[in-house]
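K.L.:
Have a peek at run38.pdb (PDB, C-alpha atoms).
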ATOM      1  CA  MET A 596     127.847  87.030 178.535  1.00  0.00           C
ATOM      2  CA  MET A 597     126.267  85.737 175.339  1.00  0.00           C
ATOM      3  CA  PRO A 598     125.757  81.949 175.268  1.00  0.00           C
ATOM      4  CA  ALA A 599     128.260  80.390 172.862  1.00  0.00           C
ATOM      5  CA  HIS A 600     125.639  78.993 170.462  1.00  0.00           C
ATOM      6  CA  ARG A 601     124.290  82.501 169.846  1.00  0.00           C
ATOM      7  CA  ASN A 602     127.663  83.890 168.955  1.00  0.00           C
ATOM      8  CA  HIS A 603     127.261  82.867 165.345  1.00  0.00           C
ATOM      9  CA  PRO A 604     125.753  84.728 162.361  1.00  0.00           C
ATOM     10  CA  ALA A 605     123.652  81.688 161.390  1.00  0.00           C
ATOM     11  CA  TRP A 606     121.931  81.762 164.802  1.00  0.00           C
ATOM     12  CA  TRP A 607     120.977  85.422 164.371  1.00  0.00           C
ATOM     13  CA  ALA A 608     119.875  84.702 160.798  1.00  0.00           C
ATOM     14  CA  ALA A 609     117.582  81.925 162.057  1.00  0.00           C
ATOM     15  CA  LEU A 610     116.143  84.142 164.808  1.00  0.00           C
ATOM     16  CA  ALA A 611     115.474  87.066 162.446  1.00  0.00           C
ATOM     17  CA  HIS A 612     113.968  84.676 159.883  1.00  0.00           C
ATOM     18  CA  ARG A 613     111.642  83.250 162.507  1.00  0.00           C
ATOM     19  CA  LEU A 614     110.572  86.563 164.053  1.00  0.00           C
ATOM     20  CA  SER A 615     109.958  88.158 160.648  1.00  0.00           C
ATOM     21  CA  GLY A 616     107.906  85.127 159.586  1.00  0.00           C
ATOM     22  CA  LEU A 617     105.870  85.348 162.781  1.00  0.00           C
ATOM     23  CA  ALA A 618     105.185  89.055 162.167  1.00  0.00           C
ATOM     24  CA  LEU A 619     104.080  88.307 158.595  1.00  0.00           C
ATOM     25  CA  ALA A 620     101.769  85.484 159.727  1.00  0.00           C
ATOM     26  CA  VAL A 621     100.050  87.854 162.185  1.00  0.00           C
ATOM     27  CA  PHE A 622      99.862  90.671 159.639  1.00  0.00           C
ATOM     28  CA  LEU A 623      98.552  88.610 156.701  1.00  0.00           C
ATOM     29  CA  PRO A 624      94.914  88.081 157.814  1.00  0.00           C
ATOM     30  CA  LEU A 625      94.629  91.815 158.637  1.00  0.00           C
ATOM     31  CA  HIS A 626      96.113  92.706 155.245  1.00  0.00           C
ATOM     32  CA  PHE A 627      93.552  90.485 153.496  1.00  0.00           C
ATOM     33  CA  LEU A 628      90.671  91.935 155.533  1.00  0.00           C
ATOM     34  CA  ALA A 629      91.790  95.459 154.661  1.00  0.00           C
ATOM     35  CA  LEU A 630      91.900  94.700 150.929  1.00  0.00           C
ATOM     36  CA  GLY A 631      88.550  92.940 151.216  1.00  0.00           C
ATOM     37  CA  THR A 632      86.935  96.296 152.045  1.00  0.00           C
ATOM     38  CA  ALA A 633      87.204  97.000 148.303  1.00  0.00           C
ATOM     39  CA  LEU A 634      84.235  94.636 147.907  1.00  0.00           C
ATOM     40  CA  ALA A 635      82.148  97.560 149.171  1.00  0.00           C
ATOM     41  CA  GLY A 636      83.716  99.883 146.603  1.00  0.00           C
ATOM     42  CA  ALA A 637      86.760 102.131 146.231  1.00  0.00           C
ATOM     43  CA  ASP A 638      85.383 104.576 148.819  1.00  0.00           C
ATOM     44  CA  ALA A 639      85.379 101.885 151.496  1.00  0.00           C
ATOM     45  CA  LEU A 640      89.005 101.015 150.727  1.00  0.00           C
ATOM     46  CA  ASP A 641      89.910 104.708 150.819  1.00  0.00           C
ATOM     47  CA  ARG A 642      88.250 105.067 154.225  1.00  0.00           C
ATOM     48  CA  PHE A 643      90.453 102.231 155.472  1.00  0.00           C
ATOM     49  CA  LEU A 644      93.575 103.755 153.889  1.00  0.00           C
ATOM     50  CA  ASP A 645      92.783 107.047 155.668  1.00  0.00           C
ATOM     51  CA  LEU A 646      93.075 105.177 158.968  1.00  0.00           C
ATOM     52  CA  THR A 647      96.655 104.292 158.077  1.00  0.00           C
ATOM     53  CA  ALA A 648      97.743 107.884 157.484  1.00  0.00           C
ATOM     54  CA  GLY A 649      99.140 108.465 160.996  1.00  0.00           C
ATOM     55  CA  PRO A 650     102.804 108.166 161.994  1.00  0.00           C
ATOM     56  CA  LEU A 651     102.228 105.012 164.076  1.00  0.00           C
ATOM     57  CA  ALA A 652     100.657 103.209 161.116  1.00  0.00           C
ATOM     58  CA  LYS A 653     103.531 104.349 158.886  1.00  0.00           C
ATOM     59  CA  LEU A 654     106.011 102.997 161.423  1.00  0.00           C
ATOM     60  CA  ALA A 655     104.182  99.656 161.487  1.00  0.00           C
ATOM     61  CA  GLU A 656     104.085  99.582 157.671  1.00  0.00           C
ATOM     62  CA  THR A 657     107.826 100.182 157.546  1.00  0.00           C
ATOM     63  CA  GLY A 658     108.333  97.371 160.041  1.00  0.00           C
ATOM     64  CA  ILE A 659     106.293  94.952 157.975  1.00  0.00           C
ATOM     65  CA  VAL A 660     108.180  95.887 154.786  1.00  0.00           C
ATOM     66  CA  LEU A 661     111.440  95.200 156.641  1.00  0.00           C
ATOM     67  CA  ALA A 662     110.012  91.871 157.858  1.00  0.00           C
ATOM     68  CA  LEU A 663     108.991  90.915 154.309  1.00  0.00           C
ATOM     69  CA  ALA A 664     112.379  91.845 152.837  1.00  0.00           C
ATOM     70  CA  LEU A 665     114.278  90.076 155.638  1.00  0.00           C
ATOM     71  CA  HIS A 666     112.169  86.931 155.391  1.00  0.00           C
ATOM     72  CA  LEU A 667     112.715  86.839 151.626  1.00  0.00           C
ATOM     73  CA  ALA A 668     116.479  87.373 151.800  1.00  0.00           C
ATOM     74  CA  LEU A 669     117.061  84.948 154.682  1.00  0.00           C
ATOM     75  CA  GLY A 670     114.657  82.447 153.085  1.00  0.00           C
ATOM     76  CA  LEU A 671     116.648  82.493 149.850  1.00  0.00           C
ATOM     77  CA  ARG A 672     119.718  81.747 151.969  1.00  0.00           C
ATOM     78  CA  VAL A 673     117.931  78.751 153.546  1.00  0.00           C
ATOM     79  CA  LEU A 674     117.011  77.391 150.103  1.00  0.00           C
ATOM     80  CA  HIS A 675     120.625  77.875 149.012  1.00  0.00           C
ATOM     81  CA  VAL A 676     122.047  76.110 152.069  1.00  0.00           C
ATOM     82  CA  GLU A 677     119.606  73.205 151.821  1.00  0.00           C
ATOM     83  CA  PHE A 678     119.427  72.556 148.108  1.00  0.00           C
ATOM     84  CA  LEU A 679     122.577  73.715 146.364  1.00  0.00           C
ATOM     85  CA  PRO A 680     125.289  71.075 146.319  1.00  0.00           C
ATOM     86  CA  ARG A 681     128.106  73.373 147.413  1.00  0.00           C
ATOM     87  CA  PRO A 682     128.197  74.144 151.141  1.00  0.00           C
ATOM     88  CA  GLU A 683     127.858  77.786 152.118  1.00  0.00           C
ATOM     89  CA  ARG A 684     131.136  79.585 152.532  1.00  0.00           C
ATOM     90  CA  ARG A 685     131.534  82.914 154.343  1.00  0.00           C
ATOM     91  CA  THR A 686     128.282  82.645 156.315  1.00  0.00           C
ATOM     92  CA  ARG A 687     128.978  85.938 158.065  1.00  0.00           C
ATOM     93  CA  ALA A 688     129.190  87.815 154.746  1.00  0.00           C
ATOM     94  CA  VAL A 689     126.093  86.122 153.298  1.00  0.00           C
ATOM     95  CA  VAL A 690     124.001  86.891 156.381  1.00  0.00           C
ATOM     96  CA  ALA A 691     125.310  90.474 156.459  1.00  0.00           C
ATOM     97  CA  GLY A 692     124.348  90.748 152.778  1.00  0.00           C
ATOM     98  CA  CYS A 693     120.804  89.526 153.583  1.00  0.00           C
ATOM     99  CA  PHE A 694     120.422  92.137 156.318  1.00  0.00           C
ATOM    100  CA  GLY A 695     121.997  94.850 154.166  1.00  0.00           C
ATOM    101  CA  ALA A 696     119.771  94.170 151.151  1.00  0.00           C
ATOM    102  CA  SER A 697     116.668  94.135 153.362  1.00  0.00           C
ATOM    103  CA  VAL A 698     117.552  97.424 155.034  1.00  0.00           C
ATOM    104  CA  ALA A 699     118.288  98.941 151.618  1.00  0.00           C
ATOM    105  CA  ALA A 700     114.869  97.883 150.272  1.00  0.00           C
ATOM    106  CA  THR A 701     113.188  99.263 153.400  1.00  0.00           C
ATOM    107  CA  LEU A 702     115.036 102.587 153.067  1.00  0.00           C
ATOM    108  CA  LEU A 703     113.864 102.794 149.452  1.00  0.00           C
ATOM    109  CA  PHE A 704     110.307 102.274 150.709  1.00  0.00           C
ATOM    110  CA  LEU A 705     110.807 104.942 153.401  1.00  0.00           C
ATOM    111  CA  LEU A 706     112.219 107.435 150.894  1.00  0.00           C
ATOM    112  CA  ASN A 707     109.170 107.026 148.643  1.00  0.00           C
ATOM    113  CA  LEU A 708     106.870 107.166 151.657  1.00  0.00           C
ATOM    114  CA  ALA A 709     108.504 110.329 153.004  1.00  0.00           C
ATOM    115  CA  ALA A 710     108.486 112.013 149.590  1.00  0.00           C
ATOM    116  CA  SER A 711     104.695 111.878 149.525  1.00  0.00           C
ATOM    117  CA  TRP A 712     104.075 112.736 153.146  1.00  0.00           C
TER     118      TRP A 712
ATOM    119  CA  MET B1330     100.911  64.560 156.924  1.00  0.00           C
ATOM    120  CA  SER B1331     104.468  63.331 157.407  1.00  0.00           C
ATOM    121  CA  ALA B1332     107.237  65.666 158.542  1.00  0.00           C
ATOM    122  CA  ALA B1333     109.066  65.063 155.262  1.00  0.00           C
ATOM    123  CA  ARG B1334     106.048  66.079 153.225  1.00  0.00           C
ATOM    124  CA  LEU B1335     105.517  69.225 155.318  1.00  0.00           C
ATOM    125  CA  PHE B1336     109.201  70.069 154.855  1.00  0.00           C
ATOM    126  CA  LEU B1337     108.926  69.649 151.081  1.00  0.00           C
ATOM    127  CA  LEU B1338     105.673  71.643 150.872  1.00  0.00           C
ATOM    128  CA  GLN B1339     107.317  74.406 152.886  1.00  0.00           C
ATOM    129  CA  ARG B1340     110.272  74.585 150.452  1.00  0.00           C
ATOM    130  CA  VAL B1341     108.182  74.354 147.283  1.00  0.00           C
ATOM    131  CA  SER B1342     105.871  77.126 148.520  1.00  0.00           C
ATOM    132  CA  ALA B1343     108.963  79.109 149.550  1.00  0.00           C
ATOM    133  CA  ALA B1344     110.352  78.946 146.016  1.00  0.00           C
ATOM    134  CA  VAL B1345     107.049  80.228 144.599  1.00  0.00           C
ATOM    135  CA  LEU B1346     106.864  82.915 147.287  1.00  0.00           C
ATOM    136  CA  ALA B1347     110.433  84.054 146.625  1.00  0.00           C
ATOM    137  CA  LEU B1348     109.428  85.190 143.132  1.00  0.00           C
ATOM    138  CA  ALA B1349     106.047  86.545 144.252  1.00  0.00           C
ATOM    139  CA  VAL B1350     107.511  88.535 147.158  1.00  0.00           C
ATOM    140  CA  LEU B1351     110.161  90.039 144.877  1.00  0.00           C
ATOM    141  CA  VAL B1352     107.386  91.322 142.593  1.00  0.00           C
ATOM    142  CA  HIS B1353     105.309  92.386 145.622  1.00  0.00           C
ATOM    143  CA  LEU B1354     108.167  94.350 147.233  1.00  0.00           C
ATOM    144  CA  ALA B1355     108.878  96.191 143.985  1.00  0.00           C
ATOM    145  CA  THR B1356     105.158  96.961 143.625  1.00  0.00           C
ATOM    146  CA  ILE B1357     104.971  98.241 147.223  1.00  0.00           C
ATOM    147  CA  ILE B1358     108.001 100.491 146.840  1.00  0.00           C
ATOM    148  CA  LEU B1359     106.686 101.947 143.567  1.00  0.00           C
ATOM    149  CA  ALA B1360     103.034 102.170 144.655  1.00  0.00           C
ATOM    150  CA  VAL B1361     103.737 104.112 147.833  1.00  0.00           C
ATOM    151  CA  ARG B1362     105.240 106.930 145.726  1.00  0.00           C
ATOM    152  CA  GLY B1363     102.859 109.887 145.794  1.00  0.00           C
ATOM    153  CA  GLY B1364     100.729 108.263 148.496  1.00  0.00           C
ATOM    154  CA  LEU B1365      98.566 105.170 148.427  1.00  0.00           C
ATOM    155  CA  THR B1366      94.970 105.579 147.241  1.00  0.00           C
ATOM    156  CA  ALA B1367      92.232 103.098 146.446  1.00  0.00           C
ATOM    157  CA  GLY B1368      91.944 104.622 142.979  1.00  0.00           C
ATOM    158  CA  GLU B1369      95.610 103.943 142.280  1.00  0.00           C
ATOM    159  CA  ILE B1370      95.523 100.357 143.582  1.00  0.00           C
ATOM    160  CA  LEU B1371      92.311  99.453 141.777  1.00  0.00           C
ATOM    161  CA  ALA B1372      93.394 101.121 138.519  1.00  0.00           C
ATOM    162  CA  ARG B1373      96.217  98.552 138.436  1.00  0.00           C
ATOM    163  CA  THR B1374      94.260  95.489 139.557  1.00  0.00           C
ATOM    164  CA  SER B1375      90.641  95.999 138.495  1.00  0.00           C
ATOM    165  CA  GLY B1376      89.735  93.677 135.635  1.00  0.00           C
ATOM    166  CA  ASN B1377      93.399  92.736 135.160  1.00  0.00           C
ATOM    167  CA  VAL B1378      93.516  88.960 134.698  1.00  0.00           C
ATOM    168  CA  ALA B1379      97.328  88.770 134.960  1.00  0.00           C
ATOM    169  CA  TRP B1380      97.402  90.447 138.403  1.00  0.00           C
ATOM    170  CA  PHE B1381      94.400  88.375 139.516  1.00  0.00           C
ATOM    171  CA  ALA B1382      96.205  85.141 138.547  1.00  0.00           C
ATOM    172  CA  PHE B1383      99.382  86.378 140.248  1.00  0.00           C
ATOM    173  CA  TYR B1384      97.534  87.093 143.506  1.00  0.00           C
ATOM    174  CA  ILE B1385      95.759  83.718 143.441  1.00  0.00           C
ATOM    175  CA  VAL B1386      99.111  81.906 143.172  1.00  0.00           C
ATOM    176  CA  PHE B1387     100.571  84.227 145.846  1.00  0.00           C
ATOM    177  CA  VAL B1388      97.675  83.583 148.260  1.00  0.00           C
ATOM    178  CA  VAL B1389      97.708  79.797 147.781  1.00  0.00           C
ATOM    179  CA  ALA B1390     101.485  79.642 148.366  1.00  0.00           C
ATOM    180  CA  ALA B1391     101.242  81.861 151.467  1.00  0.00           C
ATOM    181  CA  ALA B1392      98.316  79.847 152.869  1.00  0.00           C
ATOM    182  CA  ILE B1393     100.487  76.712 152.618  1.00  0.00           C
ATOM    183  CA  HIS B1394     103.707  78.338 153.824  1.00  0.00           C
ATOM    184  CA  ALA B1395     102.627  80.386 156.859  1.00  0.00           C
ATOM    185  CA  PRO B1396     100.816  77.650 158.845  1.00  0.00           C
ATOM    186  CA  ILE B1397     103.689  75.174 158.396  1.00  0.00           C
ATOM    187  CA  GLY B1398     106.158  77.777 159.664  1.00  0.00           C
ATOM    188  CA  LEU B1399     103.890  78.810 162.522  1.00  0.00           C
ATOM    189  CA  ARG B1400     103.466  75.139 163.469  1.00  0.00           C
ATOM    190  CA  THR B1401     107.235  74.729 163.809  1.00  0.00           C
ATOM    191  CA  ILE B1402     107.494  77.865 165.974  1.00  0.00           C
ATOM    192  CA  LEU B1403     104.610  76.746 168.219  1.00  0.00           C
ATOM    193  CA  ARG B1404     106.094  73.269 168.634  1.00  0.00           C
ATOM    194  CA  GLU B1405     109.542  74.573 169.528  1.00  0.00           C
ATOM    195  CA  TRP B1406     108.715  77.662 171.573  1.00  0.00           C
ATOM    196  CA  THR B1407     105.436  76.816 173.299  1.00  0.00           C
ATOM    197  CA  GLY B1408     105.478  73.023 173.296  1.00  0.00           C
ATOM    198  CA  TRP B1409     101.992  72.964 171.732  1.00  0.00           C
ATOM    199  CA  ARG B1410     101.942  69.925 169.442  1.00  0.00           C
ATOM    200  CA  GLY B1411      99.781  67.004 168.508  1.00  0.00           C
ATOM    201  CA  ARG B1412      96.370  66.872 166.906  1.00  0.00           C
ATOM    202  CA  SER B1413      94.951  70.083 168.410  1.00  0.00           C
ATOM    203  CA  CYS B1414      97.900  72.109 167.124  1.00  0.00           C
ATOM    204  CA  ASP B1415      97.701  70.505 163.663  1.00  0.00           C
ATOM    205  CA  LEU B1416      93.956  71.161 163.460  1.00  0.00           C
ATOM    206  CA  ALA B1417      94.497  74.795 164.480  1.00  0.00           C
ATOM    207  CA  MET B1418      97.083  75.159 161.712  1.00  0.00           C
ATOM    208  CA  ILE B1419      94.720  73.627 159.135  1.00  0.00           C
ATOM    209  CA  LEU B1420      92.110  76.133 160.284  1.00  0.00           C
ATOM    210  CA  PHE B1421      94.668  78.955 159.979  1.00  0.00           C
ATOM    211  CA  ALA B1422      95.497  77.804 156.437  1.00  0.00           C
ATOM    212  CA  ALA B1423      91.782  77.797 155.563  1.00  0.00           C
ATOM    213  CA  VAL B1424      91.305  81.311 156.991  1.00  0.00           C
ATOM    214  CA  LEU B1425      94.298  82.625 155.012  1.00  0.00           C
ATOM    215  CA  LEU B1426      93.039  80.938 151.847  1.00  0.00           C
ATOM    216  CA  VAL B1427      89.481  82.256 152.139  1.00  0.00           C
ATOM    217  CA  LEU B1428      90.431  85.800 153.217  1.00  0.00           C
ATOM    218  CA  GLY B1429      93.250  85.943 150.662  1.00  0.00           C
ATOM    219  CA  LEU B1430      91.140  84.789 147.716  1.00  0.00           C
ATOM    220  CA  ARG B1431      88.406  87.172 148.858  1.00  0.00           C
ATOM    221  CA  ALA B1432      90.932  90.049 148.848  1.00  0.00           C
ATOM    222  CA  ALA B1433      92.247  89.061 145.398  1.00  0.00           C
ATOM    223  CA  TRP B1434      88.681  88.965 144.097  1.00  0.00           C
ATOM    224  CA  ALA B1435      87.863  92.300 145.784  1.00  0.00           C
ATOM    225  CA  VAL B1436      90.615  94.220 143.994  1.00  0.00           C
ATOM    226  CA  PHE B1437      89.967  92.385 140.691  1.00  0.00           C
ATOM    227  CA  ALA B1438      86.191  92.801 140.606  1.00  0.00           C
ATOM    228  CA  ALA B1439      86.145  96.371 141.958  1.00  0.00           C
TER     229      ALA B1439
END
Starting from the file, lay out its structure as structure tokens.
P.N.:
Amino acid sequence: MMPAHRNHPAWWAALAHRLSGLALAVFLPLHFLALGTALAGADALDRFLDLTAGPLAKLAETGIVLALALHLALGLRVLHVEFLPRPERRTRAVVAGCFGASVAATLLFLLNLAASW
Amino acid sequence: MSAARLFLLQRVSAAVLALAVLVHLATIILAVRGGLTAGEILARTSGNVAWFAFYIVFVVAAAIHAPIGLRTILREWTGWRGRSCDLAMILFAAVLLVLGLRAAWAVFAA
């Protein structure tokens, strides 16, 4: 059985916010290093981009887009809860909206990705 | 730095990042159309002062935000705290700042 404290949308929101943030923190230095290859010219950046053409890399890219969208949506919720004077009502709907908007943005990314593949 | 100051820095950087990430997500979704090439990325960023300024602000905010968040996770989930943890996070912030500014410069100067 699920522990009682986890049986709440705010707990799952906090967990997803944390895990997505962790993923982004790991990804960020690699992202910067990849872009830094442009210092050696456009060809060098293209050679790196060629490495990311496989299905595994595309899957990872999709995951990181989902992480970015989730962290943004859930982060906006945190700012709302902490700084706006009115307490949050309908937490379940707000959290569902955060997840829904993030999945929608990721699907948009996937559609554009698939269209060019 | 006090916990209150870290908390405030985390929220201020979050507010900046909220706008930056919105722009970044839209750029990602549009840029990936028709495949991602260096030529396409650099055509947008090379010599463009507005994008360069945007990425500098983005990098600085992320270099503040990520280590503070990571510090909280490490303290709560691994129990690593104290001076060694704080120093590691300052180092992480410095790495993000240097690599991030280097990346922003790379796509601007290319």
K.L.:
Output as AutoDock Vina command-line options the centre and edge lengths (Å, one decimal) of the box along x, y and z of the file that holds every listed atom of range 1340-1343 of chain B after adding 6 Å on each side.
P.N.:
--center_x 108.1 --center_y 76.7 --center_z 148.9 --size_x 16.4 --size_y 16.8 --size_z 15.2
K.L.:
For Leu663 in chain A, list every protein, DNA or RNA residue within 10 Å, evaluated using all atoms listed in the file, and leave out those in the same chain fewer than 3 positions away; present the list as a ChimeraX atom specification.
P.N.:
/A:612,615-616,618-619,657-660,666-668,697,700-701 /B:1350-1351,1353-1354
K.L.:
Just C-alpha atoms for this one: save the residues we selected as a tab-separated table (two decimals), in the frame of the given file.
P.N.:
chain	number	residue	atom	x	y	z
A	612	HIS	CA	113.97	84.68	159.88
A	615	SER	CA	109.96	88.16	160.65
A	616	GLY	CA	107.91	85.13	159.59
A	618	ALA	CA	105.18	89.06	162.17
A	619	LEU	CA	104.08	88.31	158.60
A	657	THR	CA	107.83	100.18	157.55
A	658	GLY	CA	108.33	97.37	160.04
A	659	ILE	CA	106.29	94.95	157.98
A	660	VAL	CA	108.18	95.89	154.79
A	666	HIS	CA	112.17	86.93	155.39
A	667	LEU	CA	112.72	86.84	151.63
A	668	ALA	CA	116.48	87.37	151.80
A	697	SER	CA	116.67	94.14	153.36
A	700	ALA	CA	114.87	97.88	150.27
A	701	THR	CA	113.19	99.26	153.40
B	1350	VAL	CA	107.51	88.54	147.16
B	1351	LEU	CA	110.16	90.04	144.88
B	1353	HIS	CA	105.31	92.39	145.62
B	1354	LEU	CA	108.17	94.35	147.23
K.L.:
Of the candidates A:Leu610, A:Ala599, A:Leu671, A:Val689, which shows the shortest atom-to-atom distance to chain B, using all atoms listed in the file?
P.N.:
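Selected residue with least distance to chain B: A:Leu671.
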K.L.:
For the interface of chain A with chain B (cut-off 9 Å, counting all atoms listed in the file), please tabulate each contacting residue of chain A alongside its nearest pair of atoms and their separation in Å to one decimal, rows sorted by chain and increasing number, as JSON lines.
P.N.:
{"residue": "A:Arg613", "atom": "CA", "partner": "B:Ile1402", "partner_atom": "CA", "distance": 7.6}
{"residue": "A:Gly616", "atom": "CA", "partner": "B:Gly1398", "partner_atom": "CA", "distance": 7.6}
{"residue": "A:Leu617", "atom": "CA", "partner": "B:Leu1399", "partner_atom": "CA", "distance": 6.8}
{"residue": "A:Leu619", "atom": "CA", "partner": "B:Ala1395", "partner_atom": "CA", "distance": 8.2}
{"residue": "A:Ala620", "atom": "CA", "partner": "B:Ala1395", "partner_atom": "CA", "distance": 5.9}
{"residue": "A:Leu623", "atom": "CA", "partner": "B:Leu1425", "partner_atom": "CA", "distance": 7.5}
{"residue": "A:Pro624", "atom": "CA", "partner": "B:Leu1425", "partner_atom": "CA", "distance": 6.2}
{"residue": "A:His626", "atom": "CA", "partner": "B:Ala1432", "partner_atom": "CA", "distance": 8.7}
{"residue": "A:Phe627", "atom": "CA", "partner": "B:Ala1432", "partner_atom": "CA", "distance": 5.4}
{"residue": "A:Leu628", "atom": "CA", "partner": "B:Leu1428", "partner_atom": "CA", "distance": 6.6}
{"residue": "A:Ala629", "atom": "CA", "partner": "B:Ala1432", "partner_atom": "CA", "distance": 8.0}
{"residue": "A:Leu630", "atom": "CA", "partner": "B:Ala1432", "partner_atom": "CA", "distance": 5.2}
{"residue": "A:Gly631", "atom": "CA", "partner": "B:Ala1432", "partner_atom": "CA", "distance": 4.4}
{"residue": "A:Thr632", "atom": "CA", "partner": "B:Ala1435", "partner_atom": "CA", "distance": 7.5}
{"residue": "A:Ala633", "atom": "CA", "partner": "B:Ala1435", "partner_atom": "CA", "distance": 5.4}
{"residue": "A:Leu634", "atom": "CA", "partner": "B:Ala1435", "partner_atom": "CA", "distance": 4.8}
{"residue": "A:Ala635", "atom": "CA", "partner": "B:Ala1439", "partner_atom": "CA", "distance": 8.3}
{"residue": "A:Gly636", "atom": "CA", "partner": "B:Ala1439", "partner_atom": "CA", "distance": 6.3}
{"residue": "A:Ala637", "atom": "CA", "partner": "B:Ala1367", "partner_atom": "CA", "distance": 5.6}
{"residue": "A:Asp638", "atom": "CA", "partner": "B:Ala1367", "partner_atom": "CA", "distance": 7.4}
{"residue": "A:Ala639", "atom": "CA", "partner": "B:Ala1367", "partner_atom": "CA", "distance": 8.6}
{"residue": "A:Leu640", "atom": "CA", "partner": "B:Ala1367", "partner_atom": "CA", "distance": 5.8}
{"residue": "A:Asp641", "atom": "CA", "partner": "B:Ala1367", "partner_atom": "CA", "distance": 5.2}
{"residue": "A:Arg642", "atom": "CA", "partner": "B:Ala1367", "partner_atom": "CA", "distance": 9.0}
{"residue": "A:Leu644", "atom": "CA", "partner": "B:Thr1366", "partner_atom": "CA", "distance": 7.0}
{"residue": "A:Asp645", "atom": "CA", "partner": "B:Thr1366", "partner_atom": "CA", "distance": 8.8}
{"residue": "A:Val660", "atom": "CA", "partner": "B:Leu1354", "partner_atom": "CA", "distance": 7.7}
{"residue": "A:Leu663", "atom": "CA", "partner": "B:Val1350", "partner_atom": "CA", "distance": 7.7}
{"residue": "A:Ala664", "atom": "CA", "partner": "B:Leu1354", "partner_atom": "CA", "distance": 7.4}
{"residue": "A:Leu667", "atom": "CA", "partner": "B:Ala1347", "partner_atom": "CA", "distance": 6.2}
{"residue": "A:Ala668", "atom": "CA", "partner": "B:Ala1347", "partner_atom": "CA", "distance": 8.6}
{"residue": "A:Gly670", "atom": "CA", "partner": "B:Ala1343", "partner_atom": "CA", "distance": 7.5}
{"residue": "A:Leu671", "atom": "CA", "partner": "B:Ala1347", "partner_atom": "CA", "distance": 7.2}
{"residue": "A:Leu674", "atom": "CA", "partner": "B:Arg1340", "partner_atom": "CA", "distance": 7.3}
{"residue": "A:Ala700", "atom": "CA", "partner": "B:Ile1358", "partner_atom": "CA", "distance": 8.1}
{"residue": "A:Thr701", "atom": "CA", "partner": "B:Ile1358", "partner_atom": "CA", "distance": 8.5}
{"residue": "A:Leu703", "atom": "CA", "partner": "B:Ile1358", "partner_atom": "CA", "distance": 6.8}
{"residue": "A:Phe704", "atom": "CA", "partner": "B:Ile1358", "partner_atom": "CA", "distance": 4.8}
{"residue": "A:Leu705", "atom": "CA", "partner": "B:Ile1358", "partner_atom": "CA", "distance": 8.4}
{"residue": "A:Leu706", "atom": "CA", "partner": "B:Arg1362", "partner_atom": "CA", "distance": 8.7}
{"residue": "A:Asn707", "atom": "CA", "partner": "B:Arg1362", "partner_atom": "CA", "distance": 4.9}
{"residue": "A:Leu708", "atom": "CA", "partner": "B:Val1361", "partner_atom": "CA", "distance": 5.8}
{"residue": "A:Ala709", "atom": "CA", "partner": "B:Arg1362", "partner_atom": "CA", "distance": 8.7}
{"residue": "A:Ala710", "atom": "CA", "partner": "B:Gly1363", "partner_atom": "CA", "distance": 7.1}
{"residue": "A:Ser711", "atom": "CA", "partner": "B:Gly1363", "partner_atom": "CA", "distance": 4.6}
{"residue": "A:Trp712", "atom": "CA", "partner": "B:Gly1364", "partner_atom": "CA", "distance": 7.3}
K.L.:
Range 1410-1414 of chain B: which residues within 10 Å, counting all atoms listed in the file, same-chain residues fewer than 6 positions away excluded, as a PyMOL selection string?
P.N.:
chain B and resi 1400-1401+1403-1404+1420
K.L.:
Just the number, please: distance in Å from CA of Arg672 in chain A to CA of Gly692 in chain A, one decimal.
P.N.:
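Rounded to one decimal, the two atoms are 10.2 Å apart.
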K.L.:
Quick check, in Å to one decimal: how far apart do CA of Arg1373 in chain B and CA of Leu646 in chain A lie?
P.N.:
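Distance between the two atoms: 21.8 Å.
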K.L.:
So the first atom is CA of Ala696 in chain A and the second is CA of Leu654 in chain A; what is the distance between them in Å, to one decimal place?
P.N.:
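Going from CA of Ala696 in chain A over to CA of Leu654 in chain A covers 19.3 Å.
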K.L.:
Just checking: using all atoms listed in the file, which residue out of B:Ala1372, B:Ala1417, B:Ala1382, B:Ala1390 ends up closest to Val1345 in chain B?
P.N.:
B:Ala1390
